[in-house]
Each structure stands twice: as C-alpha cells, then as structure tokens.
Amino acid sequence: MTDTAETSPVLTTRDGVPLKVSIARATRRQKLRAFLLVTPLLLFILITFTAPIADMLYRSVENDIVSETLPETVVALEVWDEGSGEIPNEDVFAALARDLKIAAEEKTHTRLGSRLNYENPGMSSLFRKTGRRVKRMDEGNYTEQFIDIDEDWGTPKTWQVIKQFSSPVTAGYFLAAVDAERTPEDGLGFKESDERIYLFLFWRTMLLSVTITVMCILLGYPIAFLLSNLPMRTSNLLMILVLLPFWTSLLVRTSAWKVLLQQQGVINDTLVWVGLVADDSRLQLINNQTGTVIAMTHILLPFMILPLFSVMKTISPTYMRAAKSMGASDWYAFWRVYFPQTVPGIGAGSILVFILSIGYYITPELVGGTSGIFISNRIAYHISSSLNWGLAAALGVILLTVVLVLYWLYDRIVGIDNVKLG
Amino acid sequence: MKLKSLLIAATALTVSVPAAFAEDMTIVSWGGAYSASQNNAYHKPYMAMNPDVNIINDESSNEAVAKLRAMNEAGNVTWDVVDVVASDAIRLCDEGLAVEIDPDKDLAPAPDGTPASEDFGDLLVSECFIPQIVYSTTFGYRTDKVGDEPPTDICAVFDTEKYPGKRSLEKRPINNVEWALLCDGVAKEDIYDVLSTPEGVDRALAKLDTIKDDVIWWSAGAETPQLLADGEVVMGSTYNGRLFSVIEEQDQPVAMLWDAQVFDLDGWIIPAGLPEDRLKRAMDYIYFATDTQRLADQAKYISYGPARKSSAPLVGKHADLGIEMAPHMPTDPNNAKNTFLYNYEWWADNRDDLDAKFQAWLTQ
C-alpha cells in the first residue's frame, strides 16, 4: 500500500500547483466570504445577546461593593480574627468612620446596607441610621460612638458578615441558591429545614416540565397525525384552530382557564349538574399543580404539534401500504413502520416544550397556587421585587447548567441529529 | 387600558400640535382605574396649563424598581416621574435610584400657608418619596355566605368553623403575619417585637397553618375581587379601592370588613440621573400634582384617601356615581377604628428574610 502512495504522481492543476493547495486556496476564499457575510449577524448576537447574558451571569459571583464602599475598613479588618467572639479594635472603627463619611456624602452607604441585608437582616436600617449620624461624629473613641448609634455594631455577627463578604468575588449567592450557607466555624452546611426552598423548587420544575412534555406528546401526536392525513383543505382549517390560541394573548388564555377550572367554574358546574360530583365536594382543578399542568400543556401544545406535523407530512403513505401488503396488522404497521419515522419530530417537539416550560413563570404564578410554582417564579421575584440580582443570577446559572446537562444527556441517548423540524 | 392610554396620548398629541415644541414627559403608574383617576385629576389640568408638555402614560409601576435599576445602569433613564408604593420608594432611595426631595422647598404649601412638611406630616417616610394617597389592605366578604352574623373583626378570617369556605390572602408575609399574631393573642403594640424573634415568626406561621388548606393565595390586586364576585371565596384581602369598585360600581353582594386594615402609602418619586431640563419639568409637575386641591380631586375618581391633611375637607362626591366619597375612605373615622400602619423600617430590614421563610412554609 505505502509503495503505491509514494510512487503515484502528485495531482497538479494545469499550471503546476498541487491540486490540494489549489483547492484549499479556493475554499479559503469561499470560507472567508461566508464568514464576512455572517459577521454582521454574529456581531449583533454577541453584542445584544451573549454579552448581556455573560454580564448578568457574572453578577452571581460579583461582590465588589463592600471593598469599594469601605476600602479602609476592609484592610483594617484583615488582622481581626472572626472566630475570636470579640468585636474588632478601635482602628477598625476609626477606619469605618472615615469610610462611612465619604459613603454618606456619595449616598452609597444605603446601597451597601441593602446588599448586606440579604445576608443578615437588620443591616439595611443599621447603615441607613449610621449614615445619618456619622457626619456629626466627634474625633476619637469611635467604638463607643458607633455602639451608641446602634448596639448591633457591638456584636461580632455584624463584623463577621462584613468580613465574610469583603472579597470582590463571592460564592455566597451560589450557596444561597442551593439552600446552603457558611457556618461561623468556616464550614459549609445546609440551611435550617424551614428555610430550604430552592433545591426543592428546582426538582419540582423539572418534574412538572417533564409531565407537561409527556402530556403534550400524548395530546399532540394524534392531532398531528390527523392533520397530516386529512385532505389539504380540511387540514388547513384544523391547523388554524391549532394556531388560533397560539396567537391569543398569554394572559387572556390563562384567565380563561381560571374561569373554566375554578370551583365555581364551568367544568365543576357541569360535573355537578350531570351528577358526577357532589356540590359540596367540587374538584380542586386550579391553584395547584393540576392547574399549572393543564394550562401550560394547552399553551405549549402548538410547539409539539407543529414539528410533529411537519415530520409526519414527509412520511410517504406507501410505507404503510407496503407493510400492510406484507401482512402486518394496522397496529403493527403503525408501531414498527410509521412511529419510528416520527421519533425525530417527537424529539424536536419535546426539546422545545421542555425548555420553554422550564423558564415559564407567568402561567404558574397565576394558576399554580403554592404547589404549582416554578423556580422561575423565585428568579422573577429576586429580579423585580427584592432586587437581589446576584441570587437571581446564581439561580439562573444553575438552571442554565441543568438544561445544558439535560441537553447533553439527550444528545447521548437520542442523538441531536435525530431531531427534525421538518 | 393600553388602547385607552394610546388614545389619550394620541388626543394629547393632536391637542398639543399647535404648540409645535411639545416635549414628552413619561409618567409611570399602575394602569387601570388608578391611572384614569390620575389622568383626570392631574394630567389633564396640567397639560391644559402647560401646552408645551405632553404627558405619556406608562403602566409599569409593578416592575418599576427593577426597570429603574436597569435604566440607571444603562445610563439612559427614560422615565420622568414614577408612581410607586412607599416601601419601593425606600428601596429606590437606598439604592440611589431616586432624587431626594425637600418638601418645604419643592412642594406646595397648604392653602392656609402650612408648609408641606407639616401638611404631609408622618407620611413623608423617605427622603425621596412624595406621598399621594393613603390606601389600605383590608378584607371584603360575601354577604350571602356568612350566615346571620356577618364578621366584624379580623379574626373571622381564622375562624373556619363559624365562616366555612375559602379565603384569599396575598402570597407574601407582609400583613398576613401581623394579622396572624393579632388573632393569636399578641397585643398590637408587641407585634413587631414578637416578630423579631425566630419563635415569633414560627408562631405566626403556625397560626396561618390552621387555615392553610382554606387559602387561595393571590399575587395581583385584581384577583380577590374576581374570586369574591365568582363566589370562589367567602372573604379575601385586597386594596380597599378594588373592593369599592366591586361593591359600588359592580353591585356585587360584598361588604367591607375594615377591622385591622393596614394603611400603606402610594406616591411619586423622581428617578436619579435625569438631565437638568427634564428634572426641572418633573419637579414642576410634582409641585402642581401634589397640591391640596389636586389630591382632593383624585378622590372623586377612586376611593383612596388624599395624603395631605388639608385635602380631607375638600373630598366631594364620586364623579360618575354621585355618592359621597368620604365614608368610603380608609381614613374615615368609622372605618379607622382599628388600624395598622405598614412598618416600613421593620419590613425593609426583614422583608427578604421573612419572605424566604414564608415561601418555604408555603411549599411544605
């Protein structure tokens, strides 16, 4: 084999350049042109999508507010032993007075207070109060003056929190996002059981999203099958019926479900009227997990039907006919010949529905009660209400990681090449 | 509502065309009947006086805190005046996202010359906050579902034997834990001392536990009125103005349970980081919109009490229904026999911590 390779002449173009080099040159030019053509879009995505997301994710560890607002205090605190059970010495208090005077001038002390309040309730008012009085402080004897303003300055806990969060990056948000916290002995531990919430919510989000995806497959498959096997005219009409709710406002659809599902609602009224349910034991169909699953399955159903439909459309009816002509029963032909060809559609639909449902929060908030809310509801709360963007970012990073891991698993098990949108 | 504000903006635009240099001023509020009342009482007269200003309504108040922070970080503040509740104003002020106000310099004195700081009094809860209305969170109940003895005190909420059926409560600890402790036998003045201890929080949650299975939790103010109107709940908490509209405007069999209502404030802030000319205009608007007559005018359109003492005697009849508004104000002596005032300082410190515990309790 090697002999032939050595002896065979190198292929060249007419002007003597080796063919390989010539092809490489030509394709390089083509590649460059292709790259230049997509550059605007690439830049657009980098600037408006990737960069903001990266910036938001960085907030999950960012923590320079303490060292920026209290630079001298942070340095002075380095020598203090936080495990000593005693408050820091006068030097630290003097540094704090200098820092806070500048901070109160620039009105950054309250911002620091809100940041530290996430870690230790009471810091917010402590800094607000101290900021008001620090301007009028006398020289010397700062320890006494601070404790006079608020006795919290005399407790080691206050100082432990400041020292613990004085480094410019922190793992604190991530710890909080998995219900853990740092214990005074510098160890890690879970929070008390009455404060744990996020891990459970992550788990429930996954579980309900899988349930919703399965429901969408069960309901969407027969519809897609029907749509792809009807004459064009009828199927177009039915397709509009599928798409109609898709075009209706999300809030309108969710409110409609309220009217239908509540205990004095249409469905319960009908069941009572028919006599299936007693008037005093009406079904609880909303403000719980059932409500979330029903409303979200309805909302996400088109995302399952459309990929399934476009895949089924391409399956030639001759396969089924051939299977039957060879003696397969209807069911056998469907299961062994038709169904395997629709798997790529199920895959595409499932990924769409699952990923969309993980991030949903409006519908669960409105119909989920307490047992049907998702992790995204807490992320939304921390973004818009508590302004704890660091924790929101940490929760987001975890959610994103979980999705990527699931995607990787999916690729390993099903294969992403088996996904088809049409 | 979107359409309506669009129409208002469009009309305003056509009206102000002759002025040629009409400048837009974006005012952010809550939408619905509340924005309509502000439009009638403040925006229309202000634009009539200042033809060169064109007010644009934006209904983003419920996400104002997050949006203002994002705008501030982006260095592009597009809002001029923002309507927020007092606790949000305190947060915005702490974060340096709102401008500090000097009441006596920046706000109009009362007609008799009383400086604004005295006219508003204790309601000036933050340096950045200009109070506008006093509203309360209180209970409404179905008159046809409470038997012969309608509830008269707050503890009826916790009495599922006498008043069976579902109740709706807000999906957050604020107000609920206070009511729970009050009905668990804690004296009103001790409530925050008790709540400051972990045992106190447990005690409040344990009391709420007794009705947990009977509660529908709401997160939007419109939910309780709908639940009451549909007969889903026998009683529920919401803002008093919402209940007014259920009772008086929609004529539903609902009555107010004013006992232990919690007063809260809603008002204006001016975002930090506005250019000089826009800041000046926003200040000018605030001076006009929070004077004694304007605050009294707003009460013609919605049943929230004006924040100035001097406005109270000027409150008249409802503009459409023609009924006296004074008896429907949360501050009316007959309604205000037993009241709370939202404890801003305590909640600013403990809101996040208690909310985490409350949410954990809810999911258990």
# chains A, B, ... in the order shown; residues from 1 in each chain; ligands from 1
call {"tool": "interface_residues", "arguments": {"of": "chain A", "to": "chain B", "cutoff": "9 Å", "atoms": "only C-alpha atoms", "output": "PDB file with N, CA and C atoms, in the first residue's frame"}}
result
ATOM      1  N   LYS A 107     -23.823  58.953  49.167  1.00  0.00           N
ATOM      2  CA  LYS A 107     -25.061  58.175  49.336  1.00  0.00           C
ATOM      3  C   LYS A 107     -24.911  56.743  48.827  1.00  0.00           C
ATOM      4  N   THR A 108     -23.782  56.129  49.091  1.00  0.00           N
ATOM      5  CA  THR A 108     -23.611  54.731  48.704  1.00  0.00           C
ATOM      6  C   THR A 108     -23.768  53.798  49.907  1.00  0.00           C
ATOM      7  N   HIS A 109     -23.856  54.386  51.114  1.00  0.00           N
ATOM      8  CA  HIS A 109     -23.912  53.533  52.310  1.00  0.00           C
ATOM      9  C   HIS A 109     -25.215  52.747  52.383  1.00  0.00           C
ATOM     10  N   THR A 110     -26.321  53.332  51.909  1.00  0.00           N
ATOM     11  CA  THR A 110     -27.593  52.607  51.967  1.00  0.00           C
ATOM     12  C   THR A 110     -27.604  51.450  50.969  1.00  0.00           C
ATOM     13  N   ARG A 111     -26.895  51.670  49.860  1.00  0.00           N
ATOM     14  CA  ARG A 111     -26.810  50.605  48.859  1.00  0.00           C
ATOM     15  C   ARG A 111     -26.048  49.408  49.435  1.00  0.00           C
ATOM     16  N   LEU A 112     -24.973  49.717  50.150  1.00  0.00           N
ATOM     17  CA  LEU A 112     -24.218  48.651  50.812  1.00  0.00           C
ATOM     18  C   LEU A 112     -25.095  47.959  51.861  1.00  0.00           C
ATOM     19  N   GLY A 113     -25.889  48.783  52.570  1.00  0.00           N
ATOM     20  CA  GLY A 113     -26.795  48.229  53.578  1.00  0.00           C
ATOM     21  C   GLY A 113     -27.766  47.234  52.970  1.00  0.00           C
ATOM     22  N   SER A 114     -28.355  47.579  51.818  1.00  0.00           N
ATOM     23  CA  SER A 114     -29.294  46.635  51.194  1.00  0.00           C
ATOM     24  C   SER A 114     -28.567  45.378  50.753  1.00  0.00           C
ATOM     25  N   ASN A 117     -27.930  43.301  53.779  1.00  0.00           N
ATOM     26  CA  ASN A 117     -29.173  42.859  54.395  1.00  0.00           C
ATOM     27  C   ASN A 117     -29.629  41.498  53.859  1.00  0.00           C
ATOM     28  N   TYR A 118     -29.210  41.164  52.628  1.00  0.00           N
ATOM     29  CA  TYR A 118     -29.546  39.839  52.095  1.00  0.00           C
ATOM     30  C   TYR A 118     -28.903  38.755  52.949  1.00  0.00           C
ATOM     31  N   GLU A 119     -27.759  39.072  53.531  1.00  0.00           N
ATOM     32  CA  GLU A 119     -27.023  38.081  54.320  1.00  0.00           C
ATOM     33  C   GLU A 119     -27.430  38.102  55.779  1.00  0.00           C
ATOM     34  N   ASN A 120     -27.743  39.285  56.277  1.00  0.00           N
ATOM     35  CA  ASN A 120     -28.039  39.417  57.695  1.00  0.00           C
ATOM     36  C   ASN A 120     -29.129  40.478  57.894  1.00  0.00           C
ATOM     37  N   PRO A 121     -30.366  40.077  58.153  1.00  0.00           N
ATOM     38  CA  PRO A 121     -31.455  41.044  58.292  1.00  0.00           C
ATOM     39  C   PRO A 121     -31.131  42.080  59.363  1.00  0.00           C
ATOM     40  N   GLY A 122     -31.373  43.348  59.062  1.00  0.00           N
ATOM     41  CA  GLY A 122     -31.091  44.406  60.018  1.00  0.00           C
ATOM     42  C   GLY A 122     -29.988  45.321  59.535  1.00  0.00           C
ATOM     43  N   MET A 123     -29.159  44.837  58.590  1.00  0.00           N
ATOM     44  CA  MET A 123     -28.059  45.650  58.092  1.00  0.00           C
ATOM     45  C   MET A 123     -28.569  46.882  57.356  1.00  0.00           C
ATOM     46  N   SER A 124     -29.716  46.741  56.706  1.00  0.00           N
ATOM     47  CA  SER A 124     -30.252  47.848  55.924  1.00  0.00           C
ATOM     48  C   SER A 124     -30.501  49.068  56.809  1.00  0.00           C
ATOM     49  N   SER A 125     -31.233  48.871  57.909  1.00  0.00           N
ATOM     50  CA  SER A 125     -31.519  50.018  58.770  1.00  0.00           C
ATOM     51  C   SER A 125     -30.276  50.439  59.535  1.00  0.00           C
ATOM     52  N   LEU A 126     -29.389  49.495  59.819  1.00  0.00           N
ATOM     53  CA  LEU A 126     -28.154  49.827  60.531  1.00  0.00           C
ATOM     54  C   LEU A 126     -27.342  50.846  59.734  1.00  0.00           C
ATOM     55  N   ARG A 128     -28.459  52.755  57.203  1.00  0.00           N
ATOM     56  CA  ARG A 128     -29.226  53.974  56.964  1.00  0.00           C
ATOM     57  C   ARG A 128     -29.101  54.896  58.174  1.00  0.00           C
ATOM     58  N   SER A 193     -34.260  23.523  58.038  1.00  0.00           N
ATOM     59  CA  SER A 193     -35.227  22.936  57.115  1.00  0.00           C
ATOM     60  C   SER A 193     -36.383  23.897  56.810  1.00  0.00           C
ATOM     61  N   ASP A 194     -36.678  24.837  57.724  1.00  0.00           N
ATOM     62  CA  ASP A 194     -37.805  25.731  57.430  1.00  0.00           C
ATOM     63  C   ASP A 194     -37.397  26.885  56.524  1.00  0.00           C
ATOM     64  N   GLU A 195     -36.124  26.899  56.087  1.00  0.00           N
ATOM     65  CA  GLU A 195     -35.708  27.953  55.164  1.00  0.00           C
ATOM     66  C   GLU A 195     -35.278  27.402  53.818  1.00  0.00           C
ATOM     67  N   ARG A 196     -35.291  26.063  53.680  1.00  0.00           N
ATOM     68  CA  ARG A 196     -34.867  25.485  52.409  1.00  0.00           C
ATOM     69  C   ARG A 196     -35.990  25.567  51.407  1.00  0.00           C
ATOM     70  N   ILE A 197     -35.662  25.974  50.196  1.00  0.00           N
ATOM     71  CA  ILE A 197     -36.722  26.109  49.208  1.00  0.00           C
ATOM     72  C   ILE A 197     -36.236  25.861  47.789  1.00  0.00           C
ATOM     73  N   TYR A 198     -35.001  26.307  47.470  1.00  0.00           N
ATOM     74  CA  TYR A 198     -34.614  26.334  46.057  1.00  0.00           C
ATOM     75  C   TYR A 198     -34.393  24.951  45.463  1.00  0.00           C
ATOM     76  N   PHE A 200     -35.697  22.185  46.269  1.00  0.00           N
ATOM     77  CA  PHE A 200     -36.998  21.561  46.076  1.00  0.00           C
ATOM     78  C   PHE A 200     -37.694  22.134  44.838  1.00  0.00           C
ATOM     79  N   LEU A 201     -37.578  23.457  44.671  1.00  0.00           N
ATOM     80  CA  LEU A 201     -38.233  24.086  43.526  1.00  0.00           C
ATOM     81  C   LEU A 201     -37.585  23.661  42.203  1.00  0.00           C
ATOM     82  N   VAL A 259     -61.524  30.786  34.606  1.00  0.00           N
ATOM     83  CA  VAL A 259     -62.981  30.735  34.528  1.00  0.00           C
ATOM     84  C   VAL A 259     -63.455  29.292  34.381  1.00  0.00           C
ATOM     85  N   GLN A 262     -61.988  26.918  37.964  1.00  0.00           N
ATOM     86  CA  GLN A 262     -62.196  27.191  39.388  1.00  0.00           C
ATOM     87  C   GLN A 262     -63.392  26.410  39.939  1.00  0.00           C
ATOM     88  N   GLN A 263     -63.504  26.407  41.280  1.00  0.00           N
ATOM     89  CA  GLN A 263     -64.501  25.522  41.889  1.00  0.00           C
ATOM     90  C   GLN A 263     -65.929  25.904  41.531  1.00  0.00           C
ATOM     91  N   GLN A 264     -66.155  27.219  41.311  1.00  0.00           N
ATOM     92  CA  GLN A 264     -67.471  27.647  40.838  1.00  0.00           C
ATOM     93  C   GLN A 264     -67.424  27.845  39.326  1.00  0.00           C
ATOM     94  N   GLY A 265     -66.497  27.182  38.667  1.00  0.00           N
ATOM     95  CA  GLY A 265     -66.299  27.403  37.240  1.00  0.00           C
ATOM     96  C   GLY A 265     -67.107  26.475  36.360  1.00  0.00           C
ATOM     97  N   ASN A 287     -55.105  26.521  41.031  1.00  0.00           N
ATOM     98  CA  ASN A 287     -54.320  26.944  42.183  1.00  0.00           C
ATOM     99  C   ASN A 287     -53.586  25.762  42.814  1.00  0.00           C
ATOM    100  N   GLU A 365     -47.552  31.377  38.081  1.00  0.00           N
ATOM    101  CA  GLU A 365     -47.867  32.385  39.092  1.00  0.00           C
ATOM    102  C   GLU A 365     -49.384  32.576  39.194  1.00  0.00           C
ATOM    103  N   LEU A 366     -50.069  32.551  38.045  1.00  0.00           N
ATOM    104  CA  LEU A 366     -51.498  32.855  38.049  1.00  0.00           C
ATOM    105  C   LEU A 366     -52.373  31.649  38.379  1.00  0.00           C
ATOM    106  N   GLY A 369     -51.091  28.362  42.283  1.00  0.00           N
ATOM    107  CA  GLY A 369     -51.252  28.373  43.736  1.00  0.00           C
ATOM    108  C   GLY A 369     -49.905  28.282  44.423  1.00  0.00           C
ATOM    109  N   THR A 370     -49.773  27.381  45.388  1.00  0.00           N
ATOM    110  CA  THR A 370     -48.488  27.238  46.057  1.00  0.00           C
ATOM    111  C   THR A 370     -47.768  25.981  45.604  1.00  0.00           C
ATOM    112  N   SER A 371     -48.516  24.958  45.171  1.00  0.00           N
ATOM    113  CA  SER A 371     -47.848  23.705  44.839  1.00  0.00           C
ATOM    114  C   SER A 371     -47.472  23.639  43.371  1.00  0.00           C
ATOM    115  N   ILE A 373     -45.872  26.311  41.575  1.00  0.00           N
ATOM    116  CA  ILE A 373     -44.978  27.360  41.083  1.00  0.00           C
ATOM    117  C   ILE A 373     -43.595  26.786  40.786  1.00  0.00           C
ATOM    118  N   ILE A 383     -35.467  39.348  40.805  1.00  0.00           N
ATOM    119  CA  ILE A 383     -35.131  40.400  39.837  1.00  0.00           C
ATOM    120  C   ILE A 383     -35.987  41.633  40.081  1.00  0.00           C
ATOM    121  N   SER A 384     -37.297  41.440  40.255  1.00  0.00           N
ATOM    122  CA  SER A 384     -38.163  42.616  40.233  1.00  0.00           C
ATOM    123  C   SER A 384     -38.572  43.098  41.613  1.00  0.00           C
ATOM    124  N   SER A 385     -38.576  42.257  42.627  1.00  0.00           N
ATOM    125  CA  SER A 385     -39.047  42.713  43.928  1.00  0.00           C
ATOM    126  C   SER A 385     -37.921  42.947  44.923  1.00  0.00           C
ATOM    127  N   SER A 386     -37.137  41.904  45.180  1.00  0.00           N
ATOM    128  CA  SER A 386     -36.138  42.045  46.232  1.00  0.00           C
ATOM    129  C   SER A 386     -34.863  42.692  45.706  1.00  0.00           C
ATOM    130  N   LEU A 387     -34.742  42.834  44.383  1.00  0.00           N
ATOM    131  CA  LEU A 387     -33.561  43.425  43.747  1.00  0.00           C
ATOM    132  C   LEU A 387     -32.283  42.660  44.072  1.00  0.00           C
TER     133      LEU A 387
END
call {"tool": "residues_around", "arguments": {"residues": "stretch 109-112 of chain B", "least_positions_apart": "2", "cutoff": "8 Å", "atoms": "only C-alpha atoms", "output": "ChimeraX atom specification"}}
result
/B:104,107,114-116,119,291-292,310
call {"tool": "residues_around", "arguments": {"residues": "A:Pro317", "least_positions_apart": "3", "cutoff": "12 Å", "atoms": "only C-alpha atoms", "output": "tab-separated table (two decimals) with C-alpha atoms, in the first residue's frame"}}
result
chain	number	residue	atom	x	y	z
A	228	SER	CA	-51.11	15.17	8.16
A	229	ASN	CA	-53.55	12.56	6.87
A	312	MET	CA	-45.32	13.35	9.52
A	313	LYS	CA	-46.04	15.30	6.33
A	314	THR	CA	-42.82	13.96	4.81
A	320	MET	CA	-47.67	1.80	5.47
A	321	ARG	CA	-49.28	0.30	2.42
A	322	ALA	CA	-46.22	-1.84	1.77
A	323	ALA	CA	-46.19	-3.07	5.39
A	324	LYS	CA	-49.85	-3.98	5.23
A	333	ALA	CA	-47.55	-1.43	10.73
A	334	PHE	CA	-48.02	1.77	12.67
A	337	VAL	CA	-43.00	1.32	10.36
A	338	TYR	CA	-44.70	4.67	10.95
A	341	GLN	CA	-40.09	7.68	11.47
call {"tool": "closest_residue", "arguments": {"among": "B:Ile90, B:Ile247, B:Val134, B:Val234", "to": "B:Gly147", "atoms": "only C-alpha atoms"}}
result
B:Val234
call {"tool": "select_by_dssp", "arguments": {"residues": "stretch 51-229 of chain B", "states": "helix (DSSP H, G or I)", "output": "VMD selection string"}}
result
chain B and resid 61 to 74 86 to 94 103 to 106 116 to 123 154 to 158 176 to 183 188 to 195 198 to 209 212 to 214 223 to 229
call {"tool": "write_last_selection", "arguments": {"atoms": "C-alpha atoms", "output": "CSV table (one decimal), in the first residue's frame"}}
result
chain,number,residue,atom,x,y,z
B,61,SER,CA,-45.2,50.6,38.2
B,62,ASN,CA,-45.2,47.0,39.4
B,63,GLU,CA,-41.8,46.4,37.9
B,64,ALA,CA,-40.6,50.0,38.4
B,65,VAL,CA,-37.8,49.1,40.9
B,66,ALA,CA,-36.1,46.6,38.6
B,67,LYS,CA,-36.5,48.7,35.5
B,68,LEU,CA,-35.2,51.9,37.1
B,69,ARG,CA,-32.1,50.0,38.3
B,70,ALA,CA,-31.6,48.6,34.8
B,71,MET,CA,-32.1,52.1,33.2
B,72,ASN,CA,-29.7,53.6,35.7
B,73,GLU,CA,-27.0,51.1,35.0
B,74,ALA,CA,-27.5,51.6,31.2
B,86,ALA,CA,-43.7,53.7,49.9
B,87,SER,CA,-41.7,50.5,50.5
B,88,ASP,CA,-40.4,50.6,46.9
B,89,ALA,CA,-39.6,54.3,47.3
B,90,ILE,CA,-37.5,53.5,50.3
B,91,ARG,CA,-35.6,50.8,48.4
B,92,LEU,CA,-35.1,53.1,45.4
B,93,CYS,CA,-33.8,55.8,47.7
B,94,ASP,CA,-31.4,53.4,49.4
B,103,PRO,CA,-40.8,69.1,51.0
B,104,ASP,CA,-40.8,72.7,52.0
B,105,LYS,CA,-38.9,73.9,49.0
B,106,ASP,CA,-40.1,71.5,46.3
B,116,ALA,CA,-45.8,70.9,53.1
B,117,SER,CA,-43.7,69.0,55.6
B,118,GLU,CA,-46.3,69.6,58.2
B,119,ASP,CA,-49.3,69.0,55.9
B,120,PHE,CA,-48.0,65.6,55.0
B,121,GLY,CA,-46.6,65.0,58.5
B,122,ASP,CA,-45.5,61.5,59.3
B,123,LEU,CA,-46.4,60.2,55.8
B,154,ILE,CA,-60.3,40.4,61.6
B,155,CYS,CA,-60.1,37.0,63.5
B,156,ALA,CA,-63.1,35.9,61.5
B,157,VAL,CA,-60.5,35.1,58.8
B,158,PHE,CA,-59.1,32.5,61.1
B,176,ASN,CA,-50.6,38.2,56.9
B,177,VAL,CA,-48.1,37.6,59.7
B,178,GLU,CA,-49.3,40.7,61.6
B,179,TRP,CA,-53.0,39.5,61.4
B,180,ALA,CA,-52.0,36.0,62.4
B,181,LEU,CA,-50.2,37.2,65.5
B,182,LEU,CA,-53.0,39.6,66.4
B,183,CYS,CA,-55.5,36.8,66.3
B,188,LYS,CA,-51.0,45.2,68.8
B,189,GLU,CA,-48.0,47.1,70.1
B,190,ASP,CA,-46.0,44.0,70.7
B,191,ILE,CA,-46.4,42.5,67.3
B,192,TYR,CA,-43.0,43.6,65.8
B,193,ASP,CA,-41.1,42.7,69.0
B,194,VAL,CA,-42.6,39.2,68.7
B,195,LEU,CA,-41.9,39.0,65.0
B,198,PRO,CA,-37.5,33.3,65.3
B,199,GLU,CA,-40.1,31.9,67.7
B,200,GLY,CA,-42.4,34.8,66.8
B,201,VAL,CA,-42.2,34.0,63.1
B,202,ASP,CA,-42.9,30.3,63.8
B,203,ARG,CA,-45.9,31.4,65.9
B,204,ALA,CA,-47.3,33.5,63.1
B,205,LEU,CA,-46.8,30.7,60.6
B,206,ALA,CA,-48.3,28.2,62.9
B,207,LYS,CA,-51.4,30.3,63.2
B,208,LEU,CA,-51.6,30.6,59.4
B,209,ASP,CA,-51.1,26.8,59.3
B,212,LYS,CA,-53.6,26.9,55.1
B,213,ASP,CA,-55.9,24.4,53.3
B,214,ASP,CA,-58.6,27.0,53.1
B,223,GLU,CA,-57.7,38.5,42.0
B,224,THR,CA,-59.6,38.9,45.2
B,225,PRO,CA,-62.4,41.0,43.6
B,226,GLN,CA,-62.8,38.3,40.9
B,227,LEU,CA,-62.8,35.5,43.4
B,228,LEU,CA,-65.4,37.3,45.5
B,229,ALA,CA,-67.6,38.1,42.6
call {"tool": "residues_around", "arguments": {"residues": "stretch 406-419 of chain A", "least_positions_apart": "2", "cutoff": "7 Å", "atoms": "only C-alpha atoms", "output": "list in words"}}
result
Pro344, Gly345, Gly347, Ala348, Val402, Val403, Leu404 and Leu421 of chain A
call {"tool": "write_last_selection", "arguments": {"atoms": "N, CA and C atoms", "output": "tab-separated table (two decimals), in the first residue's frame"}}
result
chain	number	residue	atom	x	y	z
A	344	PRO	N	-37.96	11.65	15.29
A	344	PRO	CA	-37.29	12.95	15.23
A	344	PRO	C	-38.24	14.12	15.54
A	345	GLY	N	-39.48	14.01	15.10
A	345	GLY	CA	-40.47	15.07	15.40
A	345	GLY	C	-40.77	15.13	16.88
A	347	GLY	N	-38.78	14.21	19.21
A	347	GLY	CA	-37.58	14.77	19.83
A	347	GLY	C	-37.56	16.28	19.75
A	348	ALA	N	-37.82	16.82	18.56
A	348	ALA	CA	-37.79	18.27	18.39
A	348	ALA	C	-38.86	18.92	19.26
A	402	VAL	N	-28.29	23.07	34.32
A	402	VAL	CA	-29.14	21.87	34.32
A	402	VAL	C	-29.68	21.60	32.92
A	403	VAL	N	-30.11	22.67	32.24
A	403	VAL	CA	-30.64	22.49	30.88
A	403	VAL	C	-29.56	21.96	29.96
A	404	LEU	N	-28.34	22.53	30.06
A	404	LEU	CA	-27.26	22.08	29.19
A	404	LEU	C	-26.90	20.62	29.45
A	421	LEU	N	-37.07	19.46	12.41
A	421	LEU	CA	-38.20	20.39	12.50
A	421	LEU	C	-39.04	20.33	11.23
call {"tool": "atom_distance", "arguments": {"atom1": "atom CA of B:Pro164", "atom2": "atom CA of A:Thr363"}}
result
28.7 Å
call {"tool": "closest_residue", "arguments": {"among": "B:Leu169, B:Tyr301, B:Leu243, B:Thr160", "to": "B:Thr210", "atoms": "only C-alpha atoms"}}
result
B:Thr160
call {"tool": "atom_distance", "arguments": {"atom1": "atom CA of A:Leu46", "atom2": "atom CA of A:Ala34"}}
result
17.8 Å
call {"tool": "select_by_dssp", "arguments": {"residues": "stretch 93-336 of chain B", "states": "strand (DSSP E or B)", "output": "PyMOL selection string"}}
result
chain B and resi 98+130-142+167-170+215-218+235-239+254-269+271+305-306+317+324
call {"tool": "atom_distance", "arguments": {"atom1": "atom CA of A:Ala393", "atom2": "atom CA of A:Met56"}}
result
6.3 Å
call {"tool": "residues_around", "arguments": {"residues": "B:Arg242", "least_positions_apart": "4", "cutoff": "8 Å", "atoms": "only C-alpha atoms", "output": "list of chain:residue names"}}
result
B:Gly221, B:Ala222, B:Pro225, B:Thr238, B:Val246
call {"tool": "residues_around", "arguments": {"residues": "B:Ala326", "least_positions_apart": "5", "cutoff": "12 Å", "atoms": "only C-alpha atoms", "output": "list in words"}}
result
Ala296, Ala299, Lys300, Ile302, Ser303, Tyr304, Gly305, Pro306, Ser311, Ala312, Pro313, Leu314, Val315, Gly316, Lys317, His318, Thr331, Asp332, Pro333, Asn334 and Asn335 of chain B
call {"tool": "residues_around", "arguments": {"residues": "A:Pro168", "least_positions_apart": "6", "cutoff": "9 Å", "atoms": "only C-alpha atoms", "output": "PyMOL selection string"}}
result
chain A and resi 61-68
call {"tool": "write_last_selection", "arguments": {"atoms": "C-alpha atoms", "output": "PDB file, in the first residue's frame"}}
result
ATOM      1  CA  VAL A  61     -20.254  35.995  41.922  1.00  0.00           C
ATOM      2  CA  GLU A  62     -19.620  39.755  41.759  1.00  0.00           C
ATOM      3  CA  ASN A  63     -19.255  41.412  45.139  1.00  0.00           C
ATOM      4  CA  ASP A  64     -17.004  44.455  44.928  1.00  0.00           C
ATOM      5  CA  ILE A  65     -19.493  46.720  46.678  1.00  0.00           C
ATOM      6  CA  VAL A  66     -18.091  46.090  50.163  1.00  0.00           C
ATOM      7  CA  SER A  67     -14.446  46.708  49.293  1.00  0.00           C
ATOM      8  CA  GLU A  68     -15.377  49.738  47.194  1.00  0.00           C
TER       9      GLU A  68
END
call {"tool": "closest_residue", "arguments": {"among": "A:Ile362, A:Leu218, A:Leu391, A:Glu82", "to": "A:Thr183", "atoms": "only C-alpha atoms"}}
result
A:Glu82
